[in-house]
Each structure stands twice: as C-alpha cells, then as structure tokens.
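What follows is the content of query-v5.txt (compact mmCIF, C-alpha atoms).
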```txt
# COMPACT_ATOMS: atom_id res chain seq x y z
CA MET A 749 -3.36 6.52 17.21
CA ARG A 750 -0.33 8.47 16.03
CA THR A 751 2.19 6.99 18.44
CA ARG A 752 4.24 3.91 17.58
CA GLY A 753 1.87 1.61 19.52
CA GLY A 754 -1.16 3.39 18.11
CA LEU A 755 0.05 2.91 14.55
CA LEU A 756 0.65 -0.76 15.26
CA VAL A 757 -2.94 -1.18 16.47
CA ALA A 758 -4.29 0.85 13.55
CA ASN A 759 -2.44 -1.33 11.05
CA ILE A 760 -3.69 -4.52 12.69
CA ILE A 761 -7.28 -3.23 12.52
CA ALA A 762 -6.81 -2.10 8.89
CA GLY A 763 -5.23 -5.42 7.88
CA LEU A 764 -7.95 -7.52 9.53
CA ALA A 765 -10.71 -5.39 8.02
CA LEU A 766 -9.10 -5.32 4.58
CA GLY A 767 -8.47 -9.08 4.48
CA TYR A 768 -11.97 -9.87 5.76
CA THR A 769 -13.65 -7.42 3.37
CA VAL A 770 -11.80 -8.26 0.13
CA ALA A 771 -12.26 -11.99 0.80
CA ASN A 772 -16.00 -11.49 1.28
CA ILE A 773 -16.31 -9.29 -1.81
CA GLY A 774 -14.62 -12.04 -3.84
CA PHE A 775 -11.38 -10.40 -4.95
CA GLY A 776 -9.52 -13.63 -4.18
CA ASP A 777 -11.67 -15.58 -6.64
CA TYR A 778 -10.13 -15.55 -10.14
CA ALA A 779 -13.52 -16.16 -11.78
CA GLU A 780 -15.04 -13.12 -10.06
CA LEU A 781 -12.00 -10.98 -10.91
CA ASN A 782 -12.11 -11.89 -14.60
CA ARG A 783 -15.84 -11.20 -14.68
CA MET A 784 -15.15 -7.77 -13.17
CA PHE A 785 -12.40 -6.89 -15.66
CA THR A 786 -14.50 -8.05 -18.61
CA PHE A 787 -17.65 -6.30 -17.33
CA GLN A 788 -19.63 -9.53 -17.27
CA GLU A 789 -20.42 -8.81 -13.61
CA LEU A 790 -20.40 -5.29 -12.18
CA ARG A 791 -20.72 -6.21 -8.48
CA MET A 792 -17.01 -5.99 -7.57
CA LEU A 793 -16.45 -2.96 -9.79
CA LEU A 794 -19.33 -1.15 -8.07
CA ALA A 795 -17.96 -2.18 -4.66
CA PHE A 796 -14.60 -0.59 -5.46
CA ALA A 797 -16.03 2.49 -7.18
CA GLY A 798 -18.65 2.89 -4.46
CA ALA A 799 -15.93 2.74 -1.80
CA VAL A 800 -13.93 5.44 -3.59
CA ALA A 801 -17.05 7.62 -3.88
CA ILE A 802 -17.81 7.28 -0.16
CA ILE A 803 -14.18 8.00 0.75
CA VAL A 804 -14.07 11.11 -1.49
CA VAL A 805 -17.17 12.57 0.18
CA VAL A 806 -16.09 11.74 3.75
CA PHE A 807 -12.52 12.97 3.24
CA ALA A 808 -13.85 16.22 1.76
CA VAL A 809 -16.22 16.74 4.70
CA LEU A 810 -13.50 15.92 7.25
CA ARG A 811 -10.88 17.86 5.27
CA VAL A 812 -8.43 14.98 5.39
CA ARG A 813 -5.06 16.25 4.20
CA ARG A 814 -3.52 15.08 0.96
CA THR A 815 -0.35 13.02 1.04
CA PRO A 816 2.76 13.80 -1.02
CA GLY A 817 2.77 12.43 -4.54
CA ARG A 818 3.47 13.59 -8.06
CA ILE A 819 3.12 12.05 -11.50
CA HIS A 820 6.65 10.87 -12.21
CA ALA A 821 8.03 8.86 -15.11
CA GLY A 822 7.41 5.52 -13.36
CA VAL A 823 3.67 5.92 -12.72
CA ILE A 824 2.26 4.91 -16.10
CA PRO A 825 4.75 2.11 -16.96
CA GLY A 826 4.42 0.78 -13.41
CA ALA A 827 0.62 0.85 -13.57
CA VAL A 828 0.67 -0.97 -16.94
CA LEU A 829 2.89 -3.72 -15.49
CA PHE A 830 0.71 -3.94 -12.38
CA GLY A 831 -2.53 -4.18 -14.38
CA THR A 832 -1.05 -6.89 -16.57
CA GLY A 833 0.19 -8.90 -13.59
CA TRP A 834 -3.12 -8.48 -11.75
CA ALA A 835 -5.14 -9.78 -14.73
CA ILE A 836 -2.82 -12.77 -15.23
CA SER A 837 -2.27 -13.89 -11.63
CA GLY A 838 -5.47 -12.57 -10.07
CA GLY A 839 -3.48 -10.90 -7.32
CA CYS A 840 -2.90 -7.28 -6.40
CA PRO A 841 -0.44 -7.15 -3.48
CA ALA A 842 -3.01 -8.03 -0.78
CA ILE A 843 -4.95 -10.64 -2.72
CA PRO A 844 -2.40 -13.50 -2.85
CA ILE A 845 -2.25 -13.29 0.94
CA VAL A 846 -6.03 -13.65 1.09
CA GLN A 847 -5.92 -16.46 -1.49
CA VAL A 848 -3.40 -18.45 0.56
CA ALA A 849 -5.51 -17.78 3.67
CA SER A 850 -8.49 -19.22 1.76
CA GLY A 851 -6.56 -22.39 0.87
CA TYR A 852 -5.27 -21.58 -2.65
CA LEU A 853 -1.73 -22.86 -2.11
CA PRO A 854 -0.44 -21.94 -5.63
CA ALA A 855 -0.89 -18.30 -4.63
CA LEU A 856 2.33 -18.79 -2.66
CA VAL A 857 4.02 -18.70 -6.08
CA THR A 858 2.34 -15.34 -6.78
CA MET A 859 3.70 -14.10 -3.46
CA ALA A 860 7.18 -15.33 -4.43
CA GLY A 861 6.84 -13.37 -7.68
CA ILE A 862 5.83 -10.26 -5.74
CA VAL A 863 8.85 -10.68 -3.45
CA VAL A 864 11.19 -10.84 -6.45
CA GLY A 865 9.43 -7.98 -8.26
CA VAL A 866 9.47 -5.63 -5.26
CA ARG A 867 13.16 -6.29 -4.58
CA LEU A 868 14.02 -6.03 -8.28
CA CYS A 869 12.26 -2.68 -8.57
CA ARG A 870 14.18 -1.08 -5.70
CA TRP A 871 17.45 -2.49 -7.07
CA ALA A 872 16.71 -1.31 -10.63
CA ASN A 873 15.57 2.10 -9.42
CA THR A 874 18.71 2.60 -7.38
CA ARG A 875 20.96 1.43 -10.18
CA TYR A 876 19.25 2.61 -13.37
CA PHE A 877 16.01 4.58 -13.09
CA HIS A 878 16.86 7.01 -10.28
CA LEU A 879 13.18 7.89 -9.96
CA ASP A 880 11.89 9.50 -6.84
CA SER A 881 8.98 7.09 -7.16
CA GLY A 882 8.25 7.37 -3.45
CA SER A 883 4.98 5.98 -2.35
CA CYS A 884 1.43 7.13 -1.93
CA GLU A 885 1.39 5.50 1.51
CA ARG A 886 2.28 8.02 4.20
CA MET B 640 -20.91 -21.79 1.40
CA THR B 641 -22.37 -18.30 1.61
CA GLU B 642 -22.64 -15.84 -1.26
CA TYR B 643 -20.21 -13.00 -1.74
CA TRP B 644 -21.27 -9.63 -0.34
CA PRO B 645 -23.52 -7.37 -2.44
CA TRP B 646 -21.70 -4.40 -3.97
CA TRP B 647 -22.94 -1.87 -1.45
CA ALA B 648 -21.71 -3.93 1.52
CA GLY B 649 -18.29 -4.25 -0.11
CA ALA B 650 -18.19 -0.52 -0.79
CA VAL B 651 -19.07 0.30 2.83
CA GLY B 652 -16.51 -2.22 4.14
CA LEU B 653 -13.65 -0.88 2.01
CA ALA B 654 -14.61 2.73 2.73
CA LEU B 655 -14.83 2.20 6.50
CA THR B 656 -11.44 0.48 6.53
CA THR B 657 -9.81 3.37 4.67
CA ILE B 658 -11.60 6.18 6.50
CA ASN B 659 -10.96 4.69 9.93
CA TYR B 660 -7.23 4.42 9.22
CA ALA B 661 -6.99 7.97 7.83
CA VAL B 662 -8.96 9.55 10.67
CA THR B 663 -7.18 7.74 13.48
CA THR B 664 -3.63 8.01 12.11
CA ASP B 665 -3.65 11.00 9.70
CA ARG B 666 -1.97 8.68 7.19
CA SER B 667 -2.65 6.44 4.20
CA PHE B 668 -2.03 2.72 4.17
CA GLY B 669 -0.86 0.66 1.23
CA VAL B 670 -0.13 -3.03 0.94
CA SER B 671 2.56 -2.72 -1.76
CA GLY B 672 4.41 -0.20 0.40
CA ALA B 673 4.22 -2.64 3.31
CA TRP B 674 5.66 -5.41 1.13
CA ASP B 675 8.46 -3.10 0.02
CA ARG B 676 9.42 -2.05 3.52
CA VAL B 677 9.19 -5.52 5.04
CA LEU B 678 11.27 -7.05 2.24
CA HIS B 679 13.94 -4.37 2.72
CA TRP B 680 13.83 -4.60 6.48
CA ARG B 681 17.55 -4.18 7.01
CA ALA B 682 17.67 -0.86 5.17
CA GLU B 683 14.38 0.21 6.78
CA ARG B 684 15.72 -0.49 10.27
CA ARG B 685 18.75 1.66 9.52
CA VAL B 686 16.41 4.46 8.42
CA GLU B 687 14.34 4.04 11.58
CA ARG B 688 17.45 4.31 13.76
CA VAL B 689 18.50 7.50 11.97
CA ASN B 690 14.99 8.93 12.26
CA ALA B 691 14.96 8.12 15.97
CA GLN B 692 18.11 10.21 16.42
CA PHE B 693 16.29 13.13 14.83
CA ALA B 694 12.97 12.58 16.49
CA ASP B 695 12.88 16.08 17.86
CA GLU B 696 12.41 18.85 15.31
CA ARG B 697 14.68 21.16 17.28
CA VAL B 698 17.50 18.60 17.31
CA LEU B 699 17.04 18.16 13.58
CA ALA B 700 17.19 21.91 12.95
CA GLU B 701 20.31 22.25 15.08
CA ALA B 702 21.96 19.31 13.33
CA LEU B 703 21.18 20.82 9.93
CA ALA B 704 22.54 24.18 11.06
CA ALA B 705 25.69 22.56 12.42
CA ALA B 706 26.18 20.67 9.17
CA ALA B 707 25.68 23.88 7.20
CA ALA B 708 28.16 25.67 9.46
CA ASP B 709 30.70 22.88 8.93
CA GLN B 710 30.24 23.07 5.20
CA PHE B 711 29.95 26.80 4.57
CA GLY B 712 31.20 28.52 7.72
CA ALA B 713 29.54 29.58 10.93
CA GLY B 714 27.83 32.62 9.36
CA SER B 715 25.61 30.44 7.23
CA ALA B 716 23.98 28.63 10.10
CA ALA B 717 20.25 28.42 9.71
CA PRO B 718 18.30 31.01 11.70
CA ALA B 719 16.39 28.25 13.45
CA ALA B 720 19.57 27.26 15.26
CA ARG B 721 20.16 30.70 16.71
CA PRO B 722 18.06 32.00 19.59
CA ALA B 723 15.58 34.58 18.39
CA PRO B 724 15.96 38.09 19.92
CA HIS B 725 12.96 37.67 22.18
CA ASP B 726 14.51 34.48 23.47
CA ASP B 727 17.59 36.26 24.82
CA ALA B 728 16.18 36.43 28.32
CA ARG B 729 15.81 32.68 28.40
CA ALA B 730 19.11 31.93 26.77
CA SER B 731 20.85 31.16 30.02
CA GLU B 732 18.01 29.19 31.50
CA PRO B 733 18.26 25.44 31.61
CA ASP B 734 16.30 23.69 28.90
CA VAL B 735 13.12 22.50 30.54
CA ARG B 736 11.52 21.01 27.43
CA PRO B 737 10.36 17.44 27.65
CA PRO B 738 12.76 14.84 26.28
CA ALA B 739 12.90 14.27 22.56
CA ALA B 740 9.57 13.28 21.11
CA ALA B 741 8.41 13.78 17.59
CA SER B 742 5.92 16.62 17.18
CA PRO B 743 2.63 15.57 15.60
CA ALA B 744 3.53 17.41 12.37
CA LEU B 745 6.92 15.74 12.08
CA ALA B 746 5.66 12.34 13.21
CA SER B 747 3.06 12.22 10.43
CA LEU B 748 5.80 12.75 7.86
CA LEU B 749 7.92 9.86 9.09
CA PRO B 750 7.23 6.38 7.69
CA ALA B 751 5.03 4.15 9.83
CA PRO B 752 7.13 1.84 12.06
CA LEU B 753 8.38 -1.25 10.27
CA ILE B 754 6.69 -3.55 12.79
CA SER B 755 3.33 -1.99 11.90
CA GLN B 756 3.90 -2.93 8.24
CA VAL B 757 4.62 -6.54 9.22
CA ALA B 758 1.45 -6.46 11.30
CA LEU B 759 -0.55 -5.12 8.34
CA LEU B 760 0.47 -8.04 6.09
CA LEU B 761 -0.10 -10.67 8.79
CA SER B 762 -3.47 -9.14 9.66
CA VAL B 763 -4.59 -9.30 6.03
CA PHE B 764 -3.86 -13.04 6.20
CA VAL B 765 -5.82 -13.47 9.44
CA GLY B 766 -8.74 -11.38 8.16
CA GLY B 767 -8.87 -13.39 4.93
CA TRP B 768 -8.66 -16.67 6.82
CA VAL B 769 -11.49 -15.72 9.20
CA ALA B 770 -13.65 -14.75 6.21
CA ALA B 771 -12.88 -18.01 4.39
CA VAL B 772 -13.56 -20.21 7.42
CA THR B 773 -16.71 -18.45 8.61
CA THR B 774 -18.27 -18.53 5.14
CA GLY B 775 -17.32 -22.15 4.46
CA ARG B 776 -15.07 -21.21 1.53
CA PHE B 777 -11.82 -22.45 3.07
CA GLN B 778 -10.46 -25.40 1.14
CA LEU B 779 -6.83 -26.44 0.74
CA ARG B 780 -6.20 -26.90 -2.96
CA LEU B 781 -3.36 -27.10 -5.45
CA ASP B 782 -5.10 -25.21 -8.25
CA MET B 783 -6.43 -21.67 -8.66
CA GLY B 784 -9.95 -22.71 -9.58
CA ALA B 785 -11.82 -23.68 -12.71
CA ALA B 786 -11.84 -20.17 -14.19
CA PHE B 787 -8.06 -19.84 -13.99
CA ALA B 788 -7.65 -23.26 -15.61
CA GLN B 789 -10.03 -22.28 -18.39
CA ILE B 790 -8.87 -18.70 -19.02
CA VAL B 791 -5.13 -18.84 -18.28
CA THR B 792 -3.91 -22.43 -18.20
CA ASP B 793 -4.80 -25.85 -16.81
CA LYS B 794 -1.23 -27.19 -16.93
CA PRO B 795 0.45 -27.18 -13.50
CA ILE B 796 3.88 -26.05 -14.71
CA ALA B 797 2.40 -23.30 -16.89
CA MET B 798 0.21 -22.25 -13.95
CA ILE B 799 3.27 -21.86 -11.73
CA GLY B 800 5.00 -19.85 -14.45
CA ALA B 801 1.97 -17.60 -15.01
CA LEU B 802 1.51 -16.97 -11.29
CA PHE B 803 5.20 -16.19 -10.78
CA VAL B 804 5.41 -13.84 -13.77
CA GLY B 805 2.10 -12.23 -12.78
CA GLY B 806 3.32 -11.74 -9.21
CA LEU B 807 6.63 -10.35 -10.45
CA LEU B 808 4.81 -7.79 -12.63
CA VAL B 809 2.56 -6.87 -9.70
CA GLY B 810 5.52 -6.41 -7.35
CA PHE B 811 7.66 -4.48 -9.81
CA GLY B 812 4.79 -2.45 -11.24
CA THR B 813 3.25 -1.35 -7.97
CA ARG B 814 6.58 -0.15 -6.63
CA LEU B 815 7.45 1.62 -9.88
CA ALA B 816 4.04 3.32 -9.86
CA GLY B 817 4.39 4.15 -6.15
CA GLY B 818 1.29 2.28 -5.00
CA CYS B 819 -1.35 -0.34 -5.63
CA SER B 820 -5.11 -0.74 -5.49
CA SER B 821 -5.19 0.12 -1.78
CA GLY B 822 -2.61 2.94 -1.74
CA HIS B 823 -3.49 4.59 -5.04
CA GLY B 824 -6.96 3.12 -5.60
CA LEU B 825 -8.63 3.70 -2.23
CA ASN B 826 -6.46 6.14 -0.29
CA GLY B 827 -5.10 8.20 -3.19
CA CYS B 828 -8.27 8.40 -5.30
CA GLY B 829 -10.22 9.09 -2.11
CA ARG B 830 -8.03 12.19 -1.67
CA LEU B 831 -8.46 13.06 -5.38
CA GLN B 832 -4.69 12.96 -5.86
CA PRO B 833 -3.88 13.32 -9.58
CA VAL B 834 -1.09 10.73 -9.44
CA SER B 835 -3.42 8.15 -7.89
CA ILE B 836 -6.25 8.85 -10.33
CA VAL B 837 -3.85 8.41 -13.28
CA ALA B 838 -2.28 5.26 -11.82
CA THR B 839 -5.67 3.70 -10.99
CA ALA B 840 -7.08 4.47 -14.44
CA VAL B 841 -4.03 2.96 -16.12
CA PHE B 842 -3.75 -0.22 -14.03
CA PHE B 843 -7.48 -0.83 -14.20
CA GLY B 844 -7.57 -0.13 -17.93
CA THR B 845 -4.65 -2.50 -18.49
CA GLY B 846 -6.37 -5.13 -16.36
CA VAL B 847 -9.46 -4.83 -18.55
CA LEU B 848 -7.43 -5.08 -21.76
CA VAL B 849 -5.37 -8.09 -20.65
CA SER B 850 -8.44 -9.86 -19.23
CA PHE B 851 -10.29 -9.46 -22.52
CA LEU B 852 -7.23 -10.77 -24.37
CA LEU B 853 -7.02 -13.79 -22.07
CA TRP B 854 -10.76 -14.43 -22.27
CA LYS B 855 -11.43 -13.87 -25.96
CA VAL B 856 -8.12 -14.21 -27.81
CA ILE B 857 -5.53 -16.33 -26.01
```
Rendering of file as structure tokens:
Amino acid sequence: MRTRGGLLVANIIAGLALGYTVANIGFGDYAELNRMFTFQELRMLLAFAGAVAIIVVVFAVLRVRRTPGRIHAGVIPGAVLFGTGWAISGGCPAIPIVQVASGYLPALVTMAGIVVGVRLCRWANTRYFHLDSGSCER
Amino acid sequence: MTEYWPWWAGAVGLALTTINYAVTTDRSFGVSGAWDRVLHWRAERRVERVNAQFADERVLAEALAAAAADQFGAGSAAPAARPAPHDDARASEPDVRPPAAASPALASLLPAPLISQVALLLSVFVGGWVAAVTTGRFQLRLDMGAAFAQIVTDKPIAMIGALFVGGLLVGFGTRLAGGCSSGHGLNGCGRLQPVSIVATAVFFGTGVLVSFLLWKVI
C-alpha cells in the first residue's frame, strides 16, 4: 500500500478504525476524559498505555523503522499548549470530529479553534519562530 | 446505550490501527498533520506538483548536479550525475529504464498525498458516527454534556469561548510540537522516539494538571 491509491486506502482504513475505536473507548465523552486525567478512572489511560506497549513490542519484533524527528525548541511549549487545550475542550485533533459525529454540535466550535490554531502556528513559525518543527507523521 | 469498551479492547483496537498502517505503508499517521496539510491545501498542492517533477531519484540527482554546475561551475557537478567508469559501455545506449516512478526508498520520504489526508479526516468522522449510531449513543445536542457544564462552564457563551480557545491551543500546540496523541502518542512512542516520548509526557502531564485545576480549584 505504498502507491498513491494504496496510501488513500490505508488512510481510509486508519481513519475509520481510529474514529470507531476512540468513540467506543469514550475519548469523545468529556466526563470520561476528565476522569482519566484526574485518575478517578484508569480505563482510558490503560487503553492508551496498553496500546503503546503492544505497538512497542510489535514494532520491535517487526523492526519497523523510525521516522525523522528531533527535540526542537517547539516541542515542550507546543505540548504544554496542547495539553491545556485538550483538558479544557476535551478534544485532541481527532476527538472533536468524533464528538460532532456523535451529535455534540458545539464541538464544531472546537474544530473552528483548531482550524485557526493550525493556520496561526504555520504563519507564526514562518514569520517569527523559524523552527524546523516538522512532523512526526511520515 | 452500550457501555464503553474495556481497557484491553481499546488497547488492542488502537494498537491494531497503528500497526496495520505502519506495516502496510511503512509510514506513521497523525491527525494534527492531516489537519495542517488539508488547511494549507494550496501550498501543499504546489509542493506535490514539485515533488511529482522530481519523482525519479535519478532526475532529482541530475537536477541537483545541474543546479550545482550552474552555481559553481561544471567541475563541481555531483558524481551521481556523471556516468560511472563501468557505465561507459552503456553510455551511448538508449535509456531503457521505465518512466519516472518514485523508488520505494524515495516514496516513503515524500509526504502522503493530500487527498489521503482529507480521506483520513473524513474517515474519522464516519468511524465515529458508525460507533455512535450502533451503540445508541448518537444524540444531536447543543451542549457538551453534564460533566463539561459542571467542570468547565454551564453558560452557553462561556462554553463557546472555552471550546474555541481550547481548540485554538490544541491546533497551535500540536503543530508547534510536531504531532498529537496519534502522531507522537501512538506512532512516535511506539517507535520509542525520544521527541515523541518527551512530547507525550509533557502534553499528558499538562492535561493532568489543568484537569485537576478545573476539577478542584476553578
């Protein structure tokens, strides 16, 4: 699936699976998310950590190659902003999409915020930061 | 309405999604990266057109050599552009290589096609909708639930403000950090990449701190 058509199919499968899975875990539910972040309920935390553990083992066995990425000056400030926004709005970039799909119409406002934030970051980086922030997605 | 999945089912679901993508494409996926590329589609299409012109590694090497020759003189042309000694016998032969097509090594370094990023975002919507409908959780509503009203705000205008500011921080922060919970959290941590481990620890730690503040203090 490394051709243009193959990548399209792979992304459709990944998107469907991701949307279906995170909705069924409960990441779109603000109550569940707050309970995860405040350790009142470990179910979602264990789901995420368990997934990472499985992926680490399988990637090591299959010798999946690493992707480019280095710790640049934007990583920690960016992660702090992201964590703050996630705790307030209940949405990491995929979750507002799932929330709208589940009927939470105000999540459209979260998506509007993401649109502005993403565009603002590229503009600010080009104009002021000049960070080779790149992306971990390759 | 059915219960949410137990932790182990969620872990297997997220892991299978990530592993399947990595094994079949030799790449990572990330939702914040997809947002970024889709929202800058004009610039991304220009990049795709340029990449298409250099789809063949040999063409790219020759173009780089030609550019170097233009800049510094013919003697500086990269060795890759000149036929190697053992290639002399074939120098006069017509080029019988297949037409330009990215080699697997080069193709995996190029960004995924823009259309595939659009598809990723739309598919997340469809997957979430199927889950909501099949479990009986789908319900059109103008609030974010009782917990949001209790922990963040129950005033509609303040809710819109909080969601917008939260979304803005998510959008800006994920792009500044170079990834989100899928790109850094699943794909990057799964590869034990230091940058992803640091980013995930920091955004999760901040999420914990802010959630406790919202829950206990504010």
Give me, please, the distance in Å between atom CA of B:Leu815 and atom CA of A:Cys869, quoted to one decimal.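 Taking atom CA of B:Leu815 and atom CA of A:Cys869, their separation equals 6.6 Å.
Distance annotation: of B:Ala682, B:Gln692, B:Ser821, B:Ala700, the residue with the minimal separation from A:Ala762 is B:Ser821; atom set is only C-alpha atoms.
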Spatial neighbours of stretch 805-808 of chain B, 12 Å, only C-alpha atoms, chain gap at least 6 places, as a PyMOL selection string: (chain A and resi 825-845+854-869) or (chain B and resi 671+791+797-799+814-816+819+842+846+849)
From the options B:Lys794, B:Arg684, B:Arg780, B:Lys855, which residue's atoms come nearest to chain A, counting only C-alpha atoms?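 Closest residue, counting only C-alpha atoms: B:Arg780.
Proximity to A:Asn759 at 7 Å, evaluated using only C-alpha atoms and with sequence-adjacent residues fewer than 6 positions away removed, yields Ser755, Ala758 and Leu759 of chain B.
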Edge lengths and centre in Å to one decimal, as AutoDock Vina command-line options, is what I'm after for the box along x, y and z that holds all listed atoms of stretch 754-762 of chain B once 8 Å is added on each side.
```
--center_x 1.6 --center_y -6.3 --center_z 9.4 --size_x 26.2 --size_y 24.7 --size_z 22.7
```
So what do you get for atom CA of B:Gly817 versus atom CA of A:Ala849, distance-wise?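 Taking atom CA of B:Gly817 and atom CA of A:Ala849, their separation equals 26.0 Å.
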